>>> print(open('coords.cif').read())   # mmCIF, C-alpha atoms (C1' of nucleotides)
data_start
loop_
_atom_site.label_atom_id
_atom_site.label_comp_id
_atom_site.auth_asym_id
_atom_site.auth_seq_id
_atom_site.Cartn_x
_atom_site.Cartn_y
_atom_site.Cartn_z
CA MET A 11 58.27 158.29 197.19
CA ILE A 12 58.73 155.70 194.45
CA LEU A 13 60.22 156.58 191.06
CA ALA A 14 60.19 154.00 188.29
CA ALA A 15 61.33 153.60 184.70
CA TRP A 16 60.24 151.03 182.14
CA ASN A 17 60.91 150.52 178.46
CA VAL A 18 57.53 149.03 177.54
CA ASN A 19 58.33 148.27 173.86
CA SER A 20 54.97 149.57 172.59
CA LEU A 21 52.55 151.08 175.07
CA ASN A 22 49.69 149.93 172.88
CA ILE A 23 50.63 146.27 173.34
CA ARG A 24 51.78 146.66 176.95
CA LEU A 25 48.91 148.78 178.33
CA PRO A 26 47.18 145.93 180.21
CA ARG A 27 50.45 144.85 181.82
CA LEU A 28 51.31 148.44 182.68
CA VAL A 29 47.95 149.07 184.35
CA GLU A 30 48.31 145.88 186.35
CA TRP A 31 51.86 146.82 187.33
CA LEU A 32 50.81 150.31 188.45
CA ALA A 33 48.12 148.85 190.69
CA ALA A 34 50.57 146.36 192.22
CA ASN A 35 53.46 148.78 192.75
CA LYS A 36 51.80 152.18 193.21
CA PRO A 37 54.78 154.22 192.01
CA ASP A 38 54.51 158.01 192.27
CA VAL A 39 56.32 158.70 189.01
CA VAL A 40 56.87 156.38 186.06
CA CYS A 41 59.07 157.16 183.07
CA LEU A 42 58.16 155.11 180.00
CA GLN A 43 60.27 154.57 176.90
CA GLU A 44 59.42 153.18 173.48
CA THR A 45 55.75 154.07 173.69
CA LYS A 46 55.70 154.02 169.85
CA LEU A 47 52.52 156.12 169.75
CA GLU A 48 51.71 159.44 168.21
CA ASP A 49 50.42 161.87 170.84
CA HIS A 50 46.82 161.77 169.61
CA LYS A 51 46.84 158.00 170.18
CA PHE A 52 48.19 158.11 173.74
CA PRO A 53 45.82 156.19 176.07
CA VAL A 54 45.13 159.19 178.31
CA VAL A 55 41.79 157.83 179.49
CA ASP A 56 43.07 154.38 180.47
CA ILE A 57 46.04 155.88 182.29
CA ALA A 58 43.73 158.31 184.12
CA ALA A 59 41.49 155.40 185.09
CA ALA A 60 44.60 153.77 186.57
CA GLY A 61 45.11 156.92 188.68
CA TYR A 62 47.83 158.71 186.73
CA ALA A 63 48.19 161.88 184.70
CA ALA A 64 50.37 161.53 181.63
CA HIS A 65 52.84 163.83 179.91
CA PHE A 66 54.24 162.48 176.67
CA ALA A 67 56.12 163.07 173.45
CA GLY A 68 55.67 160.35 170.86
CA GLN A 69 55.87 159.41 167.23
CA LYS A 70 54.74 156.58 165.01
CA THR A 71 56.55 153.20 165.18
CA TYR A 72 59.71 154.27 166.98
CA ASN A 73 60.83 155.90 170.22
CA GLY A 74 58.34 157.89 172.30
CA VAL A 75 58.63 158.81 175.98
CA ALA A 76 56.12 159.56 178.72
CA ILE A 77 56.04 160.59 182.36
CA LEU A 78 53.14 159.27 184.44
CA VAL A 79 52.38 161.08 187.69
CA ARG A 80 50.18 159.65 190.39
CA GLU A 81 47.01 161.66 191.01
CA GLY A 82 47.40 164.16 193.81
CA LEU A 83 50.90 165.09 192.63
CA ALA A 84 51.44 167.96 190.23
CA ALA A 85 53.87 168.00 187.34
CA THR A 86 55.18 171.42 186.31
CA ASP A 87 57.59 172.76 183.70
CA VAL A 88 57.12 169.85 181.32
CA VAL A 89 59.76 170.07 178.60
CA ALA A 90 59.97 167.66 175.67
CA GLY A 91 63.32 167.22 173.95
CA VAL A 92 66.52 169.09 174.69
CA PRO A 93 66.09 172.87 174.50
CA GLY A 94 68.04 174.30 171.59
CA ARG A 95 68.65 170.90 170.02
CA PRO A 96 65.78 169.99 167.71
CA ASP A 97 65.41 166.28 167.02
CA GLU A 98 62.74 164.38 165.09
CA GLN A 99 63.29 161.44 167.41
CA LYS A 100 61.19 161.64 170.56
CA ARG A 101 63.63 160.51 173.22
CA VAL A 102 63.54 163.04 176.06
CA ILE A 103 60.90 164.53 178.33
CA ALA A 104 61.30 166.27 181.67
CA ALA A 105 59.04 167.54 184.43
CA THR A 106 59.22 168.73 188.03
CA ILE A 107 57.26 166.66 190.55
CA ALA A 108 57.32 167.18 194.33
CA GLY A 109 60.42 169.34 194.07
CA ILE A 110 62.31 166.78 191.98
CA ARG A 111 63.36 167.48 188.42
CA VAL A 112 62.81 164.24 186.51
CA ILE A 113 64.43 163.68 183.13
CA ASN A 114 63.24 160.65 181.15
CA LEU A 115 65.76 159.41 178.56
CA TYR A 116 65.56 156.89 175.76
CA VAL A 117 69.16 156.76 174.60
CA PRO A 118 69.65 155.59 171.00
CA ASN A 119 70.46 151.93 170.53
CA GLY A 120 73.46 152.48 168.27
CA GLN A 121 72.86 149.33 166.21
CA ALA A 122 76.52 148.41 165.65
CA VAL A 123 79.86 149.95 166.58
CA ASP A 124 81.03 152.38 163.89
CA SER A 125 77.62 152.56 162.19
CA ASP A 126 75.92 155.89 161.50
CA LYS A 127 73.52 155.12 164.34
CA TYR A 128 76.42 154.49 166.69
CA ARG A 129 77.91 157.88 165.86
CA TYR A 130 74.48 159.45 166.36
CA LYS A 131 74.28 157.76 169.75
CA LEU A 132 77.65 159.08 170.94
CA ASP A 133 76.89 162.56 169.65
CA TRP A 134 73.49 162.47 171.31
CA CYS A 135 74.99 161.37 174.63
CA GLY A 136 77.50 164.21 174.47
CA ALA A 137 74.69 166.71 174.06
CA ILE A 138 72.75 165.13 176.91
CA ALA A 139 75.74 165.38 179.22
CA GLY A 140 75.76 169.14 178.62
CA TYR A 141 72.01 169.28 179.20
CA LEU A 142 72.35 167.41 182.50
CA ARG A 143 75.08 169.74 183.73
CA ASP A 144 72.89 172.71 182.88
CA VAL A 145 69.78 171.33 184.58
CA LEU A 146 71.74 170.25 187.63
CA SER A 147 73.03 173.78 188.12
CA ARG A 148 69.42 174.89 188.58
CA HIS A 149 67.86 171.77 190.13
CA PRO A 150 69.83 170.16 192.96
CA ASN A 151 67.14 167.48 193.21
CA LEU A 152 67.57 165.73 189.88
CA ALA A 153 66.65 162.19 188.81
CA VAL A 154 67.68 161.03 185.34
CA MET A 155 66.08 157.74 184.44
CA GLY A 156 65.25 155.50 181.55
CA ASP A 157 66.78 153.24 178.95
CA PHE A 158 70.42 154.26 178.57
CA ASN A 159 71.34 151.45 176.18
CA VAL A 160 74.70 151.15 177.92
CA ALA A 161 75.90 148.42 180.28
CA PRO A 162 78.28 150.53 182.38
CA GLU A 163 80.58 147.76 183.63
CA ASP A 164 81.39 144.13 182.94
CA ARG A 165 79.36 143.07 185.98
CA ASP A 166 76.33 144.46 184.14
CA VAL A 167 76.83 141.89 181.35
CA HIS A 168 75.99 138.18 181.49
CA ASP A 169 79.00 137.25 179.33
CA PRO A 170 81.51 140.11 179.22
CA ALA A 171 83.84 138.24 176.84
CA LEU A 172 81.02 137.67 174.35
CA TRP A 173 79.95 141.31 174.52
CA ALA A 174 83.41 142.89 174.69
CA GLY A 175 83.60 145.86 172.36
CA GLN A 176 80.06 145.28 171.08
CA VAL A 177 77.40 147.95 170.94
CA LEU A 178 75.90 148.64 174.42
CA CYS A 179 79.23 147.66 176.00
CA SER A 180 81.89 149.46 173.97
CA GLU A 181 84.34 151.73 175.72
CA PRO A 182 83.14 154.96 174.04
CA GLU A 183 79.59 154.22 175.18
CA ARG A 184 80.79 153.50 178.70
CA ALA A 185 82.79 156.72 178.64
CA ALA A 186 79.62 158.57 177.61
CA PHE A 187 77.79 157.02 180.57
CA ARG A 188 80.61 158.05 182.92
CA LEU A 189 80.21 161.58 181.60
CA PHE A 190 76.64 161.53 182.96
CA LEU A 191 77.99 160.48 186.34
CA ALA A 192 80.71 163.13 186.13
CA ALA A 193 77.99 165.74 185.71
CA GLY A 194 77.21 164.98 189.36
CA LEU A 195 74.93 161.91 189.42
CA LYS A 196 75.04 158.54 191.15
CA ASP A 197 73.97 155.20 189.70
CA SER A 198 71.29 154.45 192.30
CA PHE A 199 71.57 150.70 191.77
CA ARG A 200 75.15 150.68 193.00
CA LEU A 201 74.34 152.56 196.19
CA PHE A 202 73.34 149.15 197.60
CA GLU A 203 74.48 145.56 197.73
CA GLN A 204 72.85 143.79 194.79
CA PRO A 205 72.49 140.19 193.71
CA PRO A 206 75.16 139.20 191.19
CA LYS A 207 74.03 138.98 187.58
CA SER A 208 71.31 141.62 187.96
CA PHE A 209 70.05 142.69 184.55
CA SER A 210 67.23 144.85 183.17
CA TRP A 211 67.02 143.61 179.57
CA TRP A 212 66.96 140.15 178.01
CA ASP A 213 66.74 139.38 174.30
CA TYR A 214 63.49 137.77 173.23
CA ARG A 215 65.52 135.10 171.41
CA GLN A 216 67.44 132.01 172.44
CA LEU A 217 65.89 131.56 175.88
CA ALA A 218 67.79 134.60 177.05
CA PHE A 219 65.47 135.33 179.97
CA PRO A 220 65.23 131.85 181.48
CA LYS A 221 69.00 131.55 181.11
CA ASN A 222 69.42 135.05 182.56
CA HIS A 223 71.46 136.12 179.55
CA GLY A 224 70.85 139.82 180.06
CA LEU A 225 72.35 143.25 180.35
CA ARG A 226 71.78 146.06 182.83
CA ILE A 227 71.10 148.99 180.50
CA ASP A 228 68.21 150.75 182.28
CA HIS A 229 69.25 153.13 185.01
CA ILE A 230 68.10 155.66 187.59
CA LEU A 231 70.75 158.30 188.25
CA LEU A 232 70.34 160.57 191.27
CA SER A 233 71.90 163.87 192.26
CA PRO A 234 73.63 163.89 195.69
CA PRO A 235 70.64 165.19 197.73
CA LEU A 236 68.41 162.49 196.22
CA ALA A 237 71.05 159.79 196.58
CA ALA A 238 71.14 160.69 200.28
CA ARG A 239 67.37 160.06 200.45
CA CYS A 240 67.50 156.80 198.49
CA MET A 241 66.40 153.79 200.55
CA SER A 242 66.39 151.15 197.81
CA SER A 243 67.02 150.62 194.13
CA ARG A 244 65.88 147.45 192.40
CA ILE A 245 64.90 145.73 189.18
CA ASP A 246 61.48 144.06 189.02
CA ARG A 247 62.43 141.03 186.97
CA ASN A 248 59.06 139.40 187.73
CA ALA A 249 57.56 141.82 185.22
CA ARG A 250 59.65 140.15 182.48
CA LYS A 251 57.80 136.84 183.01
CA GLY A 252 54.59 135.54 181.53
CA LEU A 253 52.83 136.20 178.26
CA LYS A 254 53.78 139.15 176.09
CA PRO A 255 56.34 140.80 178.32
CA SER A 256 58.44 143.76 177.32
CA ASP A 257 62.05 142.73 176.78
CA HIS A 258 62.93 145.21 179.56
CA ALA A 259 62.06 144.95 183.24
CA PRO A 260 60.94 148.01 185.22
CA ILE A 261 63.43 149.58 187.64
CA LEU A 262 62.49 151.43 190.83
CA VAL A 263 63.94 153.59 193.56
CA GLU A 264 62.38 154.52 196.86
CA LEU A 265 63.18 157.93 198.34
CA ARG A 266 62.49 158.91 201.91
CA ASP A 267 60.49 162.12 202.42
"C1'" DA B 210 58.80 128.49 186.76
"C1'" DT B 211 60.59 131.66 183.49
"C1'" DG B 212 60.21 129.69 177.46
"C1'" DG B 213 62.70 128.88 172.21
"C1'" DC B 214 61.83 136.95 168.82
"C1'" DA B 215 58.49 140.96 168.95
"C1'" DA B 216 56.25 145.18 167.15
"C1'" DT B 217 55.16 148.00 163.39
"C1'" DG B 218 53.88 149.08 158.88
"C1'" DT B 219 51.82 147.49 154.58
"C1'" DT B 220 52.44 142.73 154.53
"C1'" DT B 221 52.89 138.30 153.10
"C1'" DC B 222 58.21 140.55 153.98
"C1'" DA B 223 61.38 144.58 155.66
"C1'" DT B 224 63.04 147.13 159.36
"C1'" DT B 225 64.42 147.89 163.90
"C1'" DG B 226 65.54 146.77 168.36
"C1'" DA B 227 69.70 145.51 171.82
#
>>> encode(input="coords.cif", output="structure tokens")
Amino acid sequence: MILAAWNVNSLNIRLPRLVEWLAANKPDVVCLQETKLEDHKFPVVDIAAAGYAAHFAGQKTYNGVAILVREGLAATDVVAGVPGRPDEQKRVIAATIAGIRVINLYVPNGQAVDSDKYRYKLDWCGAIAGYLRDVLSRHPNLAVMGDFNVAPEDRDVHDPALWAGQVLCSEPERAAFRLFLAAGLKDSFRLFEQPPKSFSWWDYRQLAFPKNHGLRIDHILLSPPLAARCMSSRIDRNARKGLKPSDHAPILVELRD
DNA sequence: ATGGCAATGTTTCATTGA
């Protein structure tokens, strides 16, 4: 079983690339972030033609998350947002597929350390940590995946000195990420040997991608039973190439049955 | 073999992203 996550930076713009990528990779579940589409504009028909059912929670211009499920698999108990914590910003959606609870996250960017958005980010992450603990108590098979907007360690940063203390790399953000792990989850990427300087996001500016000036901020976290089934975890940096790419690459894990 | 910001909204620039 293949689970994937991809911040597409506008599903409207990225739809052709997404459809092509689905055909090439045949994932079973795909968590999308930054769809930037209101629900009535979601391309349900095109996604169905590609062989996937879609569950989504979106808004105009910003944010928006979706879970795509390959036909033949059923998604149950779809929940948008965090129960008991209303939020205008559409950043969370969850569903159960093949006995796995999947939570799709689009963590706030935070803009700049000590900004209002940064405080919102840390507060939001604290609430999510509680949500994950709660879900994990009921779902031993849990995958939490998406755009976390945190580079957990210096090895996830192309130039740690340049980024030291900056948003995406600051210690409070890293502590928030560790709180997700402390809830009982593993960073699937680090279950395996990986090439050095592996990143999932590259700025559109200043030749960042060809120079591999990136950050690893997209993650798939697995509960212990799923981590035990995990055969691989990788970043598809090929999908960052070519015309009109997202600034994020898709990430994938493969689980044995 | 990659490519020098991109997407959105209402525009001819502002805002946001990370």
>>> residues_around(input="coords.cif", residues="range 20-25 of chain A", least_positions_apart="4", cutoff="7 Å", atoms="all atoms listed in the file", output="ChimeraX atom specification")
/A:29,44-46
>>> atom_distance(input="coords.cif", atom1="CA of Cys135 in chain A", atom2="CA of Lys196 in chain A")
16.8 Å
>>> resolve_selection(input="coords.cif", expression="the PyMOL selection byres ((chain A) within 8 of (chain B))", output="PyMOL selection string")
chain A and resi 19-20+71+119+121+159+178+213-217+219-220+251-252
>>> atom_distance(input="coords.cif", atom1="CA of Val167 in chain A", atom2="CA of Trp211 in chain A")
10.1 Å
>>> residues_around(input="coords.cif", residues="Asp228 in chain A", least_positions_apart="3", cutoff="10 Å", atoms="all atoms listed in the file", output="list in words")
Ala15, Trp16, Asn17, Leu115, Tyr116, Val117, Met155, Gly156, Asp157, Phe158, Asn159, Val160, Ala161, Phe209, Ser210, Trp211, Leu225, Leu231, Ile245, His258, Ala259, Pro260 and Ile261 of chain A
>>> write_last_selection(input="coords.cif", atoms="C-alpha atoms", output="short mmCIF file (atom, residue, chain, number, x, y, z; two decimals), in the frame of the given file")
data_model
loop_
_atom_site.label_atom_id
_atom_site.label_comp_id
_atom_site.auth_asym_id
_atom_site.auth_seq_id
_atom_site.Cartn_x
_atom_site.Cartn_y
_atom_site.Cartn_z
CA ALA A 15 61.33 153.60 184.70
CA TRP A 16 60.24 151.03 182.14
CA ASN A 17 60.91 150.52 178.46
CA LEU A 115 65.76 159.41 178.56
CA TYR A 116 65.56 156.89 175.76
CA VAL A 117 69.16 156.76 174.60
CA MET A 155 66.08 157.74 184.44
CA GLY A 156 65.25 155.50 181.55
CA ASP A 157 66.78 153.24 178.95
CA PHE A 158 70.42 154.26 178.57
CA ASN A 159 71.34 151.45 176.18
CA VAL A 160 74.70 151.15 177.92
CA ALA A 161 75.90 148.42 180.28
CA PHE A 209 70.05 142.69 184.55
CA SER A 210 67.23 144.85 183.17
CA TRP A 211 67.02 143.61 179.57
CA LEU A 225 72.35 143.25 180.35
CA LEU A 231 70.75 158.30 188.25
CA ILE A 245 64.90 145.73 189.18
CA HIS A 258 62.93 145.21 179.56
CA ALA A 259 62.06 144.95 183.24
CA PRO A 260 60.94 148.01 185.22
CA ILE A 261 63.43 149.58 187.64
#
>>> residues_around(input="coords.cif", residues="Arg184 in chain A", least_positions_apart="6", cutoff="12 Å", atoms="all atoms listed in the file", output="PyMOL selection string")
chain A and resi 131-132+135-136+158-164+166+174-178+190-191+227
>>> atom_distance(input="coords.cif", atom1="CA of Ser242 in chain A", atom2="CA of Leu201 in chain A")
8.2 Å
>>> resolve_selection(input="coords.cif", expression="the PyMOL selection byres ((chain A and resi 234) around 12)", output="ChimeraX atom specification")
/A:146,149-153,191-198,201,231-233,235-240
>>> resolve_selection(input="coords.cif", expression="the PyMOL selection byres ((chain A and resi 109) around 10)", output="PDB file with C-alpha atoms, in the coordinates of the input")
ATOM      1  CA  ALA A  84      51.440 167.960 190.230  1.00  0.00           C
ATOM      2  CA  ALA A  85      53.870 168.000 187.340  1.00  0.00           C
ATOM      3  CA  THR A  86      55.180 171.420 186.310  1.00  0.00           C
ATOM      4  CA  ALA A 105      59.040 167.540 184.430  1.00  0.00           C
ATOM      5  CA  THR A 106      59.220 168.730 188.030  1.00  0.00           C
ATOM      6  CA  ILE A 107      57.260 166.660 190.550  1.00  0.00           C
ATOM      7  CA  ALA A 108      57.320 167.180 194.330  1.00  0.00           C
ATOM      8  CA  ILE A 110      62.310 166.780 191.980  1.00  0.00           C
ATOM      9  CA  ARG A 111      63.360 167.480 188.420  1.00  0.00           C
ATOM     10  CA  VAL A 112      62.810 164.240 186.510  1.00  0.00           C
ATOM     11  CA  HIS A 149      67.860 171.770 190.130  1.00  0.00           C
ATOM     12  CA  PRO A 150      69.830 170.160 192.960  1.00  0.00           C
ATOM     13  CA  ASN A 151      67.140 167.480 193.210  1.00  0.00           C
ATOM     14  CA  LEU A 152      67.570 165.730 189.880  1.00  0.00           C
TER      15      LEU A 152
END
>>> residues_around(input="coords.cif", residues="Val89 in chain A", least_positions_apart="3", cutoff="9 Å", atoms="only C-alpha atoms (C1' of nucleotides)", output="PyMOL selection string")
chain A and resi 92-93+102-105
>>> closest_residue(input="coords.cif", among="A:Ser256, A:Asn35, A:Asn248, A:Ser180", to="Asp124 in chain A", atoms="only C-alpha atoms")
A:Ser180
